[in-house]
Amino acid sequence: MYMKLNRNTAQHLLACLFILCAPQLFAANDTPPLKTIASLEVPRYLGKWYEIAKYPNWFQKKCVSHTVAEYSLKTDGQLQVLNRCRLADGKEESALGVAKQIGDAASPKLQVRFAPSWLSFVPLVWGDYWVIDLDADYQLVAVSEPKREYLWVLSRTPQVDAKAWDALIKRLKAQGLDLSKLEMTQQ
């Protein structure tokens, strides 16, 4: 059957189509972009950090406890990253990587690579590592990345004061992070 549409009918159909599709076309992402801290003093960040909690991820799925990260300065200005954890059989596993700051010397945005150095030219081997929360004494930190798919909470000590933890959780929630995914790490 052939139906001839006049201009008025066609305009009405287009308007209806727009109304039906507009929510999908203009769906607002109500989560604002992830914010980092204002600046990072790398020398103060160096040293040992205990993992307190994280979003589960594929590259740490074998880790059952005692996860730590140690940061040290390399001669080329990059950071050496040594991650260690305990496996279910009691053995320790480690991964050695490097991190580089993106931007100036106070930038809280870093990229981390655990792939071999000969692959460092490949952008996909670098992961974003953004410091999004850090206390003034450099004792408790939260690290994520722009898409909020990863989150780590690290501390200079194996346990965190309840008041400091609660305050951090409120700030992370305000950043739009899904705290229901947060998994505590046994230390």
# chains A, B, ... in the order shown; residues from 1 in each chain; ligands from 1
>>> closest_atom_pairs(of="segment 73-138 of chain A", to="segment 44-54 of chain A", cutoff="10 Å", atoms="only C-alpha atoms", output="JSON lines")
{"residue": "A:Leu73", "atom": "CA", "partner": "A:Leu46", "partner_atom": "CA", "distance": 7.4}
{"residue": "A:Leu79", "atom": "CA", "partner": "A:Leu46", "partner_atom": "CA", "distance": 8.5}
{"residue": "A:Gln80", "atom": "CA", "partner": "A:Leu46", "partner_atom": "CA", "distance": 9.5}
{"residue": "A:Val81", "atom": "CA", "partner": "A:Leu46", "partner_atom": "CA", "distance": 9.6}
{"residue": "A:Leu82", "atom": "CA", "partner": "A:Lys48", "partner_atom": "CA", "distance": 9.3}
{"residue": "A:Asn83", "atom": "CA", "partner": "A:Trp49", "partner_atom": "CA", "distance": 9.5}
{"residue": "A:Arg84", "atom": "CA", "partner": "A:Tyr50", "partner_atom": "CA", "distance": 9.8}
{"residue": "A:Cys85", "atom": "CA", "partner": "A:Glu51", "partner_atom": "CA", "distance": 9.5}
{"residue": "A:Leu134", "atom": "CA", "partner": "A:Tyr45", "partner_atom": "CA", "distance": 9.8}
{"residue": "A:Asp137", "atom": "CA", "partner": "A:Arg44", "partner_atom": "CA", "distance": 8.8}
{"residue": "A:Tyr138", "atom": "CA", "partner": "A:Tyr45", "partner_atom": "CA", "distance": 6.6}
>>> write_last_selection(atoms="N, CA and C atoms", output="PDB file, in the first residue's frame")
ATOM      1  N   LEU A  73      62.585   5.746  42.646  1.00  0.00           N
ATOM      2  CA  LEU A  73      62.969   6.605  41.534  1.00  0.00           C
ATOM      3  C   LEU A  73      64.082   5.950  40.726  1.00  0.00           C
ATOM      4  N   LEU A  79      59.535   6.117  37.496  1.00  0.00           N
ATOM      5  CA  LEU A  79      59.408   5.390  38.749  1.00  0.00           C
ATOM      6  C   LEU A  79      59.448   3.898  38.483  1.00  0.00           C
ATOM      7  N   GLN A  80      60.143   3.182  39.338  1.00  0.00           N
ATOM      8  CA  GLN A  80      60.067   1.725  39.300  1.00  0.00           C
ATOM      9  C   GLN A  80      58.907   1.330  40.205  1.00  0.00           C
ATOM     10  N   VAL A  81      58.108   0.387  39.740  1.00  0.00           N
ATOM     11  CA  VAL A  81      56.952  -0.086  40.498  1.00  0.00           C
ATOM     12  C   VAL A  81      57.123  -1.581  40.713  1.00  0.00           C
ATOM     13  N   LEU A  82      57.176  -1.983  41.970  1.00  0.00           N
ATOM     14  CA  LEU A  82      57.254  -3.402  42.304  1.00  0.00           C
ATOM     15  C   LEU A  82      55.999  -3.768  43.085  1.00  0.00           C
ATOM     16  N   ASN A  83      55.146  -4.580  42.471  1.00  0.00           N
ATOM     17  CA  ASN A  83      53.927  -5.057  43.112  1.00  0.00           C
ATOM     18  C   ASN A  83      54.145  -6.499  43.559  1.00  0.00           C
ATOM     19  N   ARG A  84      53.728  -6.790  44.792  1.00  0.00           N
ATOM     20  CA  ARG A  84      53.847  -8.148  45.323  1.00  0.00           C
ATOM     21  C   ARG A  84      52.551  -8.545  46.013  1.00  0.00           C
ATOM     22  N   CYS A  85      52.271  -9.857  46.000  1.00  0.00           N
ATOM     23  CA  CYS A  85      51.110 -10.365  46.723  1.00  0.00           C
ATOM     24  C   CYS A  85      51.341 -11.827  47.077  1.00  0.00           C
ATOM     25  N   LEU A 134      44.475  11.919  48.199  1.00  0.00           N
ATOM     26  CA  LEU A 134      45.716  11.715  48.951  1.00  0.00           C
ATOM     27  C   LEU A 134      45.697  12.640  50.150  1.00  0.00           C
ATOM     28  N   ASP A 137      49.494  14.051  54.657  1.00  0.00           N
ATOM     29  CA  ASP A 137      50.703  13.392  55.165  1.00  0.00           C
ATOM     30  C   ASP A 137      51.203  12.257  54.269  1.00  0.00           C
ATOM     31  N   TYR A 138      50.575  12.063  53.133  1.00  0.00           N
ATOM     32  CA  TYR A 138      50.937  10.995  52.197  1.00  0.00           C
ATOM     33  C   TYR A 138      50.899   9.619  52.888  1.00  0.00           C
TER      34      TYR A 138
END
>>> select_by_dssp(residues="chain A", states="strand (DSSP E or B)", output="PyMOL selection string")
chain A and resi 47-54+63-73+79-87+92-101+109-113+126-134+140-144+151-155+183-184
>>> select_by_dssp(residues="chain A", states="alpha helix (DSSP H)", output="VMD selection string")
chain A and resid 7 to 25 42 to 45 162 to 174
>>> residues_around(residues="Gln111 of chain A", least_positions_apart="6", cutoff="12 Å", atoms="only C-alpha atoms", output="VMD selection string")
chain A and resid 78 to 81 97 to 103 120 123 to 131 143 to 146
>>> atom_distance(atom1="atom CA of Arg148 of chain A", atom2="atom CA of Lys170 of chain A")
15.9 Å
>>> closest_residue(among="A:Glu149, A:Asp104, A:Glu183, A:Asp133", to="Leu168 of chain A", atoms="only C-alpha atoms")
A:Asp133
>>> closest_residue(among="A:Val141, A:Ala105, A:Val68, A:Cys63", to="Gly90 of chain A", atoms="only C-alpha atoms")
A:Cys63
>>> atom_distance(atom1="atom CA of Asp178 of chain A", atom2="atom CA of Tyr150 of chain A")
10.2 Å
>>> atom_distance(atom1="atom CA of Ala88 of chain A", atom2="atom CA of Val64 of chain A")
5.9 Å
